[in-house]
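Working notes, structure below.
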Amino acid sequence: LIERKQEPRAEVDSSSNWWRREDLFYKGNQLHFAGAPVVSWLYGEQTPAYLYNWQRIQENIRRLREALQSTEKAYRIFYAMKSNRHAPLLTSLAQMGNVGIDACSHAEIEAALSCGFRDEHISFTATGVAREEWKQVLSHHALRVNADSLSDLEKIGNISPGRTVGIRLNPAAGIGYRQNPLLRYADADTLSKFGIPLEDITTAYAIAAKYDLKIDGLHIHSGCGYLSDQLPALQNILETLKPLWQQFKIQSINLGGGLGIPLVTDDEPLDLNEWSAVLRSGLKGFDGEIWIEPGDYIVKDSGILVTTVTQSLVRRHHRYISVNAGFNIHPEPVFYDLPLHPLPTLQRPGEPSSAILAGNINEVHDLWAKNIVFPPVEEGDHIAFLNAGGYGAAMSSHHCLRGNFTERLIL
Ligand SMILES: Cc1ncc(COP(=O)(O)O)c(C=O)c1O
């Protein structure tokens, strides 16, 4: 394995307000979100609390749809519900009716159906699926399935011969936020467990022929959180697909998710005009549909996680601020080294100073931020973590039996 050069995680800069938006700003000394002070959305309930702004989710989808429209190809968006499966959110999406669902387990399929989606709205792309689970998944006849491996193709063929399927490919190239190797799903030099390697395509088609499976779609998902600087890499990945859709009869190319958003002050946002230009040129001549299955791009910046300061003290010359939520409530900073920008919901007078922001879990790595410059806060104050709408609540655990939190979709 090659050690990949990763750009150092950018430091949180509490003096810059790069994150400011129409629905997120300070007024007076109060942080406002979705049209009201953050604390007012708690309705007196306990923290930790996730708040999601439905309006922002709609805007994110509208922006994506516009970009896809400008490719002048037919397209479909499947929301990756693994990023956030809050039932009111799924129900609102189902009612809106312009996105489907990307599901990665049979339980997710059932959750989507219970929120108003139908089989034909769902695309299933999963990993390590057991034969029994495939039987459950394939009992939904109108549902789209993608095989992640040759073994999946054998299982699908066995259980449901004659079915139309897609195949998830491993293009041996990854993309992701700030070259973070933890977010690149398909690099040739890492042990990627996903997808059928391009060199196994002939075998894949032979298995499909054995069971009369019709492969009409190609699927790739090469990593998470990519911004504009990664678009040349996306272009290269599209080039590697070209010989396949030129050779085989392919009706849809699913580009997975992975579209990122800025997380720190010097992140340049993903330019969707450039993104759609890459799709236009990379898929020039392809007359089928473009499918995508974003999670984070739709929900990440719609959500904040509100926590409460449990202690603020100096330990060996370092200022430690602890909050009542740890990495089990939002694992991304610890699992993926992804920053969540913290802000006090109340601005107190006084100068910011360097601090370490810690969680309440008995694990040494349970730190929200190691080296930040943060304004004064007191016990009982609230700290809101921005961009917490994706892979937070959905990935939470009950470690230390501190897994309780509330979630609220602000309509
Ligand atoms: C197959 C697949 N599709 C879509 C997604 C959604 O990715 P993101 O939330 O980065 O858009 C993932 C995330 O891991 C995935 O594995």
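Chain identifiers are assigned as A, B, and so on, following the order in which chains appear in the structure tokens; residues are numbered from 1 within each chain, and ligands are numbered from 1 in order of appearance.
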Handout entry: helix (DSSP H, G or I) per DSSP on the backbone: members of region 72-292 of chain A, as a VMD selection string
Key = chain A and resid 81 to 83 87 to 96 106 to 114 119 to 121 131 to 138 150 to 159 177 to 179 181 to 183 198 to 210 228 to 247 272 to 282
Store the residues of this selection in a file with C-alpha atoms, as a PDB file, in the first residue's frame.
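Contents of result-v1.pdb, as written:
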```
ATOM      1  CA  MET A  81     -30.806   7.528   2.977  1.00  0.00           C
ATOM      2  CA  LYS A  82     -27.810   6.050   4.796  1.00  0.00           C
ATOM      3  CA  SER A  83     -26.750   9.666   5.352  1.00  0.00           C
ATOM      4  CA  ALA A  87     -38.537   9.533   9.219  1.00  0.00           C
ATOM      5  CA  PRO A  88     -40.091  13.018   8.847  1.00  0.00           C
ATOM      6  CA  LEU A  89     -37.325  13.892   6.421  1.00  0.00           C
ATOM      7  CA  LEU A  90     -37.921  10.752   4.328  1.00  0.00           C
ATOM      8  CA  THR A  91     -41.671  11.376   4.395  1.00  0.00           C
ATOM      9  CA  SER A  92     -41.194  14.966   3.223  1.00  0.00           C
ATOM     10  CA  LEU A  93     -38.928  13.802   0.413  1.00  0.00           C
ATOM     11  CA  ALA A  94     -41.455  11.156  -0.647  1.00  0.00           C
ATOM     12  CA  GLN A  95     -44.191  13.783  -0.705  1.00  0.00           C
ATOM     13  CA  MET A  96     -42.039  16.182  -2.698  1.00  0.00           C
ATOM     14  CA  HIS A 106     -33.325  -4.478   3.260  1.00  0.00           C
ATOM     15  CA  ALA A 107     -34.139  -2.633   6.469  1.00  0.00           C
ATOM     16  CA  GLU A 108     -33.538   0.654   4.666  1.00  0.00           C
ATOM     17  CA  ILE A 109     -35.896  -0.450   1.878  1.00  0.00           C
ATOM     18  CA  GLU A 110     -38.583  -1.138   4.466  1.00  0.00           C
ATOM     19  CA  ALA A 111     -37.993   2.221   6.165  1.00  0.00           C
ATOM     20  CA  ALA A 112     -38.279   4.025   2.809  1.00  0.00           C
ATOM     21  CA  LEU A 113     -41.492   2.182   1.945  1.00  0.00           C
ATOM     22  CA  SER A 114     -42.966   3.023   5.333  1.00  0.00           C
ATOM     23  CA  ASP A 119     -40.399  -0.042  -4.972  1.00  0.00           C
ATOM     24  CA  GLU A 120     -39.938   1.670  -8.318  1.00  0.00           C
ATOM     25  CA  HIS A 121     -38.457   4.735  -6.554  1.00  0.00           C
ATOM     26  CA  ARG A 131     -28.239 -14.795   0.290  1.00  0.00           C
ATOM     27  CA  GLU A 132     -31.205 -14.516   2.664  1.00  0.00           C
ATOM     28  CA  GLU A 133     -31.181 -10.729   2.442  1.00  0.00           C
ATOM     29  CA  TRP A 134     -30.960 -10.895  -1.356  1.00  0.00           C
ATOM     30  CA  LYS A 135     -34.123 -13.041  -1.300  1.00  0.00           C
ATOM     31  CA  GLN A 136     -35.906 -10.294   0.634  1.00  0.00           C
ATOM     32  CA  VAL A 137     -34.583  -7.534  -1.612  1.00  0.00           C
ATOM     33  CA  LEU A 138     -35.402  -9.367  -4.834  1.00  0.00           C
ATOM     34  CA  LEU A 150     -19.419 -11.465  -8.944  1.00  0.00           C
ATOM     35  CA  SER A 151     -20.803 -13.347  -5.951  1.00  0.00           C
ATOM     36  CA  ASP A 152     -23.792 -10.952  -5.883  1.00  0.00           C
ATOM     37  CA  LEU A 153     -24.432 -11.649  -9.558  1.00  0.00           C
ATOM     38  CA  GLU A 154     -24.442 -15.406  -8.880  1.00  0.00           C
ATOM     39  CA  LYS A 155     -26.847 -14.941  -5.981  1.00  0.00           C
ATOM     40  CA  ILE A 156     -29.177 -12.619  -7.906  1.00  0.00           C
ATOM     41  CA  GLY A 157     -29.131 -14.988 -10.887  1.00  0.00           C
ATOM     42  CA  ASN A 158     -29.911 -17.947  -8.685  1.00  0.00           C
ATOM     43  CA  ILE A 159     -32.760 -16.276  -6.846  1.00  0.00           C
ATOM     44  CA  TYR A 177     -12.659  15.506   0.474  1.00  0.00           C
ATOM     45  CA  ARG A 178      -9.152  17.041   0.638  1.00  0.00           C
ATOM     46  CA  GLN A 179      -7.494  13.832  -0.612  1.00  0.00           C
ATOM     47  CA  PRO A 181      -7.719   8.529   2.074  1.00  0.00           C
ATOM     48  CA  LEU A 182     -10.483   7.481   4.469  1.00  0.00           C
ATOM     49  CA  LEU A 183     -13.071   8.879   2.075  1.00  0.00           C
ATOM     50  CA  LEU A 198     -12.914  -3.512 -14.485  1.00  0.00           C
ATOM     51  CA  GLU A 199     -10.764  -6.522 -15.371  1.00  0.00           C
ATOM     52  CA  ASP A 200     -13.611  -8.845 -14.257  1.00  0.00           C
ATOM     53  CA  ILE A 201     -16.196  -7.411 -16.634  1.00  0.00           C
ATOM     54  CA  THR A 202     -16.065 -10.348 -19.037  1.00  0.00           C
ATOM     55  CA  THR A 203     -16.673 -12.756 -16.172  1.00  0.00           C
ATOM     56  CA  ALA A 204     -19.546 -10.577 -14.948  1.00  0.00           C
ATOM     57  CA  TYR A 205     -21.212 -10.757 -18.354  1.00  0.00           C
ATOM     58  CA  ALA A 206     -20.624 -14.535 -18.497  1.00  0.00           C
ATOM     59  CA  ILE A 207     -22.359 -14.976 -15.125  1.00  0.00           C
ATOM     60  CA  ALA A 208     -25.197 -12.732 -16.259  1.00  0.00           C
ATOM     61  CA  ALA A 209     -25.618 -14.792 -19.449  1.00  0.00           C
ATOM     62  CA  LYS A 210     -25.737 -18.013 -17.406  1.00  0.00           C
ATOM     63  CA  SER A 228     -14.148  21.244  -7.451  1.00  0.00           C
ATOM     64  CA  ASP A 229     -10.448  20.403  -7.150  1.00  0.00           C
ATOM     65  CA  GLN A 230     -11.346  16.721  -7.632  1.00  0.00           C
ATOM     66  CA  LEU A 231     -13.286  17.194 -10.863  1.00  0.00           C
ATOM     67  CA  PRO A 232     -10.374  16.266 -13.137  1.00  0.00           C
ATOM     68  CA  ALA A 233     -10.228  12.936 -11.271  1.00  0.00           C
ATOM     69  CA  LEU A 234     -13.973  12.468 -11.870  1.00  0.00           C
ATOM     70  CA  GLN A 235     -13.395  13.202 -15.535  1.00  0.00           C
ATOM     71  CA  ASN A 236     -10.737  10.472 -15.669  1.00  0.00           C
ATOM     72  CA  ILE A 237     -13.097   8.006 -14.027  1.00  0.00           C
ATOM     73  CA  LEU A 238     -15.746   8.781 -16.636  1.00  0.00           C
ATOM     74  CA  GLU A 239     -13.149   8.121 -19.343  1.00  0.00           C
ATOM     75  CA  THR A 240     -12.544   4.630 -17.954  1.00  0.00           C
ATOM     76  CA  LEU A 241     -16.276   3.900 -18.277  1.00  0.00           C
ATOM     77  CA  LYS A 242     -16.471   4.951 -21.907  1.00  0.00           C
ATOM     78  CA  PRO A 243     -15.340   1.684 -23.522  1.00  0.00           C
ATOM     79  CA  LEU A 244     -17.972  -0.132 -21.483  1.00  0.00           C
ATOM     80  CA  TRP A 245     -21.011   1.895 -22.466  1.00  0.00           C
ATOM     81  CA  GLN A 246     -19.701   1.977 -26.027  1.00  0.00           C
ATOM     82  CA  GLN A 247     -19.407  -1.819 -26.109  1.00  0.00           C
ATOM     83  CA  LEU A 272     -21.998  22.577 -10.034  1.00  0.00           C
ATOM     84  CA  ASN A 273     -21.548  24.271 -13.399  1.00  0.00           C
ATOM     85  CA  GLU A 274     -18.109  22.727 -13.681  1.00  0.00           C
ATOM     86  CA  TRP A 275     -19.456  19.437 -12.389  1.00  0.00           C
ATOM     87  CA  SER A 276     -22.179  19.280 -15.004  1.00  0.00           C
ATOM     88  CA  ALA A 277     -19.663  20.287 -17.692  1.00  0.00           C
ATOM     89  CA  VAL A 278     -17.523  17.291 -16.662  1.00  0.00           C
ATOM     90  CA  LEU A 279     -20.570  15.036 -16.932  1.00  0.00           C
ATOM     91  CA  ARG A 280     -21.474  16.497 -20.325  1.00  0.00           C
ATOM     92  CA  SER A 281     -18.029  15.948 -21.764  1.00  0.00           C
ATOM     93  CA  GLY A 282     -17.313  12.652 -19.995  1.00  0.00           C
TER      94      GLY A 282
END
```
Exercise for the section: Find the residues near Trp41 (chain A): any atom within 9 Å, counting only C-alpha atoms, skip ones fewer than 3 places away on the same chain, and give them as a ChimeraX atom specification. Expected result: /A:33,36-38,44-45,51,408,410
Problem - For CA of Ala393 (chain A) and CA of Ile321 (chain A), the interatomic separation in Å (one decimal) - result: 22.2 Å
Give one line per residue of chain A that approaches ligand 1 to at most 10 Å, naming the two atoms of the closest pair and their distance in Å to one decimal, counting only C-alpha atoms and all ligand atoms; sort by chain then ascending residue number and deliver it as a Markdown table.
```
| residue | atom | partner | partner_atom_place_in_ligand_line | distance |
| --- | --- | --- | --- | --- |
| A:Phe78 | CA | ligand 1 | 4 (C) | 8.6 |
| A:Tyr79 | CA | ligand 1 | 6 (C) | 7.9 |
| A:Ala80 | CA | ligand 1 | 6 (C) | 5.1 |
| A:Met81 | CA | ligand 1 | 6 (C) | 8.0 |
| A:Lys82 | CA | ligand 1 | 13 (C) | 7.2 |
| A:Ser83 | CA | ligand 1 | 9 (O) | 5.6 |
| A:Asn84 | CA | ligand 1 | 9 (O) | 9.1 |
| A:Ile101 | CA | ligand 1 | 4 (C) | 9.9 |
| A:Asp102 | CA | ligand 1 | 3 (N) | 6.8 |
| A:Ala103 | CA | ligand 1 | 3 (N) | 8.4 |
| A:Cys104 | CA | ligand 1 | 1 (C) | 7.5 |
| A:Ser123 | CA | ligand 1 | 3 (N) | 9.7 |
| A:Phe124 | CA | ligand 1 | 1 (C) | 8.6 |
| A:Thr125 | CA | ligand 1 | 1 (C) | 5.6 |
| A:Ala126 | CA | ligand 1 | 1 (C) | 6.7 |
| A:Thr127 | CA | ligand 1 | 1 (C) | 8.6 |
| A:Asn146 | CA | ligand 1 | 1 (C) | 9.4 |
| A:Asp148 | CA | ligand 1 | 1 (C) | 9.2 |
| A:Arg168 | CA | ligand 1 | 1 (C) | 8.3 |
| A:Gly176 | CA | ligand 1 | 10 (O) | 8.6 |
| A:Tyr177 | CA | ligand 1 | 10 (O) | 9.5 |
| A:Leu183 | CA | ligand 1 | 10 (O) | 8.6 |
| A:Arg184 | CA | ligand 1 | 14 (O) | 9.9 |
| A:Tyr185 | CA | ligand 1 | 16 (O) | 8.2 |
| A:Phe194 | CA | ligand 1 | 16 (O) | 8.6 |
| A:Gly195 | CA | ligand 1 | 1 (C) | 9.3 |
| A:His219 | CA | ligand 1 | 1 (C) | 8.3 |
| A:Ile220 | CA | ligand 1 | 1 (C) | 7.4 |
| A:His221 | CA | ligand 1 | 1 (C) | 5.5 |
| A:Ser222 | CA | ligand 1 | 16 (O) | 8.4 |
| A:Gly223 | CA | ligand 1 | 10 (O) | 6.7 |
| A:Cys224 | CA | ligand 1 | 10 (O) | 4.0 |
| A:Gly225 | CA | ligand 1 | 10 (O) | 5.6 |
| A:Tyr226 | CA | ligand 1 | 10 (O) | 8.2 |
| A:Asn254 | CA | ligand 1 | 3 (N) | 9.0 |
| A:Leu255 | CA | ligand 1 | 3 (N) | 8.2 |
| A:Gly256 | CA | ligand 1 | 3 (N) | 4.5 |
| A:Gly257 | CA | ligand 1 | 11 (O) | 3.4 |
| A:Gly258 | CA | ligand 1 | 10 (O) | 3.4 |
| A:Leu259 | CA | ligand 1 | 11 (O) | 5.4 |
| A:Gly260 | CA | ligand 1 | 10 (O) | 6.8 |
| A:Ile261 | CA | ligand 1 | 10 (O) | 9.9 |
| A:Ile292 | CA | ligand 1 | 4 (C) | 7.8 |
| A:Glu293 | CA | ligand 1 | 4 (C) | 4.9 |
| A:Pro294 | CA | ligand 1 | 11 (O) | 3.5 |
| A:Gly295 | CA | ligand 1 | 9 (O) | 3.4 |
| A:Asp296 | CA | ligand 1 | 9 (O) | 3.9 |
| A:Tyr297 | CA | ligand 1 | 11 (O) | 5.9 |
| A:Ile298 | CA | ligand 1 | 11 (O) | 7.9 |
| A:Val299 | CA | ligand 1 | 9 (O) | 8.5 |
| A:Lys300 | CA | ligand 1 | 9 (O) | 8.3 |
| A:Gly390 | CA | ligand 1 | 9 (O) | 7.1 |
| A:Tyr391 | CA | ligand 1 | 9 (O) | 7.7 |
```
Export N, CA and C atoms of the chosen residues as a short mmCIF file (atom, residue, chain, number, x, y, z; two decimals), in the first residue's frame?
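The file below, result_17.cif, is the result:
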```cif
data_model
loop_
_atom_site.label_atom_id
_atom_site.label_comp_id
_atom_site.auth_asym_id
_atom_site.auth_seq_id
_atom_site.Cartn_x
_atom_site.Cartn_y
_atom_site.Cartn_z
N PHE A 78 -31.41 9.67 -6.64
CA PHE A 78 -31.81 8.77 -5.56
C PHE A 78 -31.12 9.26 -4.30
N TYR A 79 -31.88 9.73 -3.33
CA TYR A 79 -31.28 10.23 -2.09
C TYR A 79 -30.69 9.05 -1.30
N ALA A 80 -29.40 9.15 -0.92
CA ALA A 80 -28.75 8.08 -0.15
C ALA A 80 -29.20 8.18 1.30
N MET A 81 -30.19 7.38 1.65
CA MET A 81 -30.81 7.53 2.98
C MET A 81 -29.89 7.07 4.10
N LYS A 82 -28.77 6.42 3.75
CA LYS A 82 -27.81 6.05 4.80
C LYS A 82 -27.25 7.31 5.47
N SER A 83 -27.31 8.44 4.77
CA SER A 83 -26.75 9.67 5.35
C SER A 83 -27.66 10.25 6.43
N ASN A 84 -28.95 10.06 6.29
CA ASN A 84 -29.90 10.57 7.29
C ASN A 84 -31.26 9.94 7.03
N ILE A 101 -34.85 6.87 -3.74
CA ILE A 101 -34.04 6.47 -2.59
C ILE A 101 -32.93 5.53 -3.03
N ASP A 102 -31.73 5.78 -2.53
CA ASP A 102 -30.64 4.80 -2.61
C ASP A 102 -30.63 4.08 -1.27
N ALA A 103 -30.89 2.78 -1.31
CA ALA A 103 -30.92 1.99 -0.07
C ALA A 103 -29.75 1.01 -0.08
N CYS A 104 -29.24 0.70 1.11
CA CYS A 104 -28.10 -0.23 1.16
C CYS A 104 -28.35 -1.42 2.10
N SER A 123 -33.39 2.39 -5.52
CA SER A 123 -32.23 1.72 -6.12
C SER A 123 -31.43 1.12 -4.96
N PHE A 124 -31.07 -0.14 -5.10
CA PHE A 124 -30.39 -0.85 -4.00
C PHE A 124 -28.94 -1.12 -4.39
N THR A 125 -28.01 -0.56 -3.64
CA THR A 125 -26.58 -0.83 -3.86
C THR A 125 -25.96 -1.06 -2.50
N ALA A 126 -25.53 -2.28 -2.26
CA ALA A 126 -25.07 -2.63 -0.91
C ALA A 126 -23.78 -3.45 -1.01
N THR A 127 -23.27 -3.82 0.14
CA THR A 127 -22.03 -4.59 0.15
C THR A 127 -22.18 -5.77 1.11
N ASN A 146 -28.30 -3.25 -7.86
CA ASN A 146 -26.95 -3.25 -8.43
C ASN A 146 -26.14 -4.33 -7.75
N ASP A 148 -22.74 -5.77 -6.47
CA ASP A 148 -21.48 -5.17 -6.03
C ASP A 148 -20.30 -6.12 -6.28
N ARG A 168 -22.13 -2.58 -10.04
CA ARG A 168 -21.25 -1.56 -9.46
C ARG A 168 -19.82 -1.90 -9.82
N GLY A 176 -12.29 12.29 -3.20
CA GLY A 176 -12.84 12.55 -1.87
C GLY A 176 -12.36 13.87 -1.31
N TYR A 177 -12.94 14.22 -0.16
CA TYR A 177 -12.66 15.51 0.47
C TYR A 177 -11.17 15.66 0.81
N LEU A 183 -11.82 8.60 2.80
CA LEU A 183 -13.07 8.88 2.08
C LEU A 183 -13.00 8.49 0.61
N ARG A 184 -11.87 7.89 0.22
CA ARG A 184 -11.71 7.50 -1.18
C ARG A 184 -12.00 6.01 -1.26
N TYR A 185 -13.06 5.66 -2.00
CA TYR A 185 -13.59 4.31 -1.94
C TYR A 185 -12.97 3.36 -2.95
N PHE A 194 -15.25 -2.49 -2.46
CA PHE A 194 -16.45 -2.20 -3.24
C PHE A 194 -16.28 -2.49 -4.73
N GLY A 195 -17.33 -3.00 -5.33
CA GLY A 195 -17.44 -3.02 -6.78
C GLY A 195 -16.70 -4.15 -7.48
N HIS A 219 -22.64 1.35 -12.44
CA HIS A 219 -22.69 2.14 -11.22
C HIS A 219 -21.26 2.33 -10.71
N ILE A 220 -20.94 3.55 -10.31
CA ILE A 220 -19.67 3.77 -9.62
C ILE A 220 -19.94 4.71 -8.43
N HIS A 221 -19.20 4.51 -7.39
CA HIS A 221 -19.21 5.49 -6.29
C HIS A 221 -17.77 5.48 -5.79
N SER A 222 -17.06 6.55 -6.08
CA SER A 222 -15.60 6.49 -5.91
C SER A 222 -15.10 7.18 -4.65
N GLY A 223 -16.00 7.80 -3.90
CA GLY A 223 -15.55 8.44 -2.67
C GLY A 223 -16.51 9.52 -2.24
N CYS A 224 -16.20 10.15 -1.11
CA CYS A 224 -17.15 11.09 -0.50
C CYS A 224 -16.54 12.47 -0.28
N GLY A 225 -17.34 13.47 -0.47
CA GLY A 225 -16.98 14.83 -0.07
C GLY A 225 -16.15 15.59 -1.08
N TYR A 226 -16.18 15.15 -2.36
CA TYR A 226 -15.28 15.83 -3.31
C TYR A 226 -15.78 17.23 -3.64
N ASN A 254 -24.96 5.27 -13.20
CA ASN A 254 -25.17 5.81 -11.86
C ASN A 254 -23.81 6.24 -11.30
N LEU A 255 -23.68 7.54 -11.07
CA LEU A 255 -22.38 8.07 -10.62
C LEU A 255 -22.24 8.09 -9.11
N GLY A 256 -23.16 7.44 -8.42
CA GLY A 256 -23.06 7.36 -6.96
C GLY A 256 -23.30 8.71 -6.31
N GLY A 257 -22.75 8.84 -5.10
CA GLY A 257 -22.86 10.12 -4.40
C GLY A 257 -21.48 10.76 -4.36
N GLY A 258 -21.15 11.35 -3.22
CA GLY A 258 -19.80 11.86 -3.06
C GLY A 258 -19.65 13.36 -3.22
N LEU A 259 -20.70 14.04 -3.72
CA LEU A 259 -20.57 15.49 -3.89
C LEU A 259 -20.44 16.15 -2.51
N GLY A 260 -19.43 17.00 -2.39
CA GLY A 260 -19.11 17.54 -1.07
C GLY A 260 -19.56 18.98 -0.88
N ILE A 261 -19.42 19.44 0.34
CA ILE A 261 -19.72 20.84 0.68
C ILE A 261 -18.53 21.38 1.48
N ILE A 292 -27.75 9.72 -10.12
CA ILE A 292 -26.82 9.99 -9.02
C ILE A 292 -27.52 9.64 -7.70
N GLU A 293 -26.73 9.38 -6.68
CA GLU A 293 -27.33 9.05 -5.38
C GLU A 293 -26.60 9.78 -4.25
N PRO A 294 -26.75 11.09 -4.21
CA PRO A 294 -26.08 11.87 -3.17
C PRO A 294 -26.77 11.75 -1.83
N GLY A 295 -25.99 11.78 -0.78
CA GLY A 295 -26.52 11.86 0.58
C GLY A 295 -26.13 13.19 1.16
N ASP A 296 -24.81 13.32 1.44
CA ASP A 296 -24.31 14.53 2.09
C ASP A 296 -24.71 15.82 1.38
N TYR A 297 -24.62 15.83 0.05
CA TYR A 297 -24.90 17.10 -0.64
C TYR A 297 -26.32 17.58 -0.35
N ILE A 298 -27.21 16.63 -0.12
CA ILE A 298 -28.60 17.00 0.12
C ILE A 298 -28.84 17.39 1.58
N VAL A 299 -28.20 16.67 2.51
CA VAL A 299 -28.58 16.92 3.92
C VAL A 299 -27.51 17.52 4.82
N LYS A 300 -26.24 17.41 4.43
CA LYS A 300 -25.20 17.74 5.42
C LYS A 300 -25.33 19.18 5.94
N GLY A 390 -25.55 15.06 7.88
CA GLY A 390 -25.30 13.78 7.21
C GLY A 390 -24.37 12.90 8.03
N TYR A 391 -24.69 11.62 8.10
CA TYR A 391 -23.84 10.62 8.77
C TYR A 391 -23.58 10.96 10.24
#
```
Practice task
Grab the CA of Ser354 (chain A) to CA of Asp366 (chain A) distance for me, in Å with one decimal place.
Solution key: 17.9 Å
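For the pair CA of Val99 (chain A) and CA of Leu305 (chain A), the interatomic distance is 25.2 Å.
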Practice task
Enumerate, as a list in words, the complete set of residues in region 115-187 of chain A that a backbone-based DSSP assignment places in strand (DSSP E).
Solution key: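 Selecting the strand (DSSP E) positions of region 115-187 of chain A gives Ile122, Ser123, Phe124, Thr125, Arg144, Val145, Asn146, Ala147, Thr164, Val165, Gly166, Ile167, Arg168, Leu169 and Asn170 of chain A.
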Residues of region 223-320 of chain A within 12 Å of region 356-361 of chain A: nearest atom pair and distance (Å, one decimal) for each, counting only C-alpha atoms, sorted by chain and number, as JSON lines?
```
{"residue": "A:Thr307", "atom": "CA", "partner": "A:Gly359", "partner_atom": "CA", "distance": 9.7}
{"residue": "A:Thr308", "atom": "CA", "partner": "A:Gly359", "partner_atom": "CA", "distance": 10.4}
{"residue": "A:Val309", "atom": "CA", "partner": "A:Gly359", "partner_atom": "CA", "distance": 9.6}
{"residue": "A:Thr310", "atom": "CA", "partner": "A:Asn360", "partner_atom": "CA", "distance": 8.7}
{"residue": "A:Gln311", "atom": "CA", "partner": "A:Ala358", "partner_atom": "CA", "distance": 9.7}
{"residue": "A:Ser312", "atom": "CA", "partner": "A:Leu357", "partner_atom": "CA", "distance": 9.4}
{"residue": "A:Leu313", "atom": "CA", "partner": "A:Ile356", "partner_atom": "CA", "distance": 10.2}
{"residue": "A:Val314", "atom": "CA", "partner": "A:Ile356", "partner_atom": "CA", "distance": 9.9}
{"residue": "A:Arg315", "atom": "CA", "partner": "A:Ile356", "partner_atom": "CA", "distance": 10.3}
{"residue": "A:Arg316", "atom": "CA", "partner": "A:Ile356", "partner_atom": "CA", "distance": 11.9}
{"residue": "A:His317", "atom": "CA", "partner": "A:Ile356", "partner_atom": "CA", "distance": 11.1}
{"residue": "A:His318", "atom": "CA", "partner": "A:Ile356", "partner_atom": "CA", "distance": 7.3}
{"residue": "A:Arg319", "atom": "CA", "partner": "A:Ile356", "partner_atom": "CA", "distance": 6.2}
{"residue": "A:Tyr320", "atom": "CA", "partner": "A:Ile356", "partner_atom": "CA", "distance": 4.9}
```
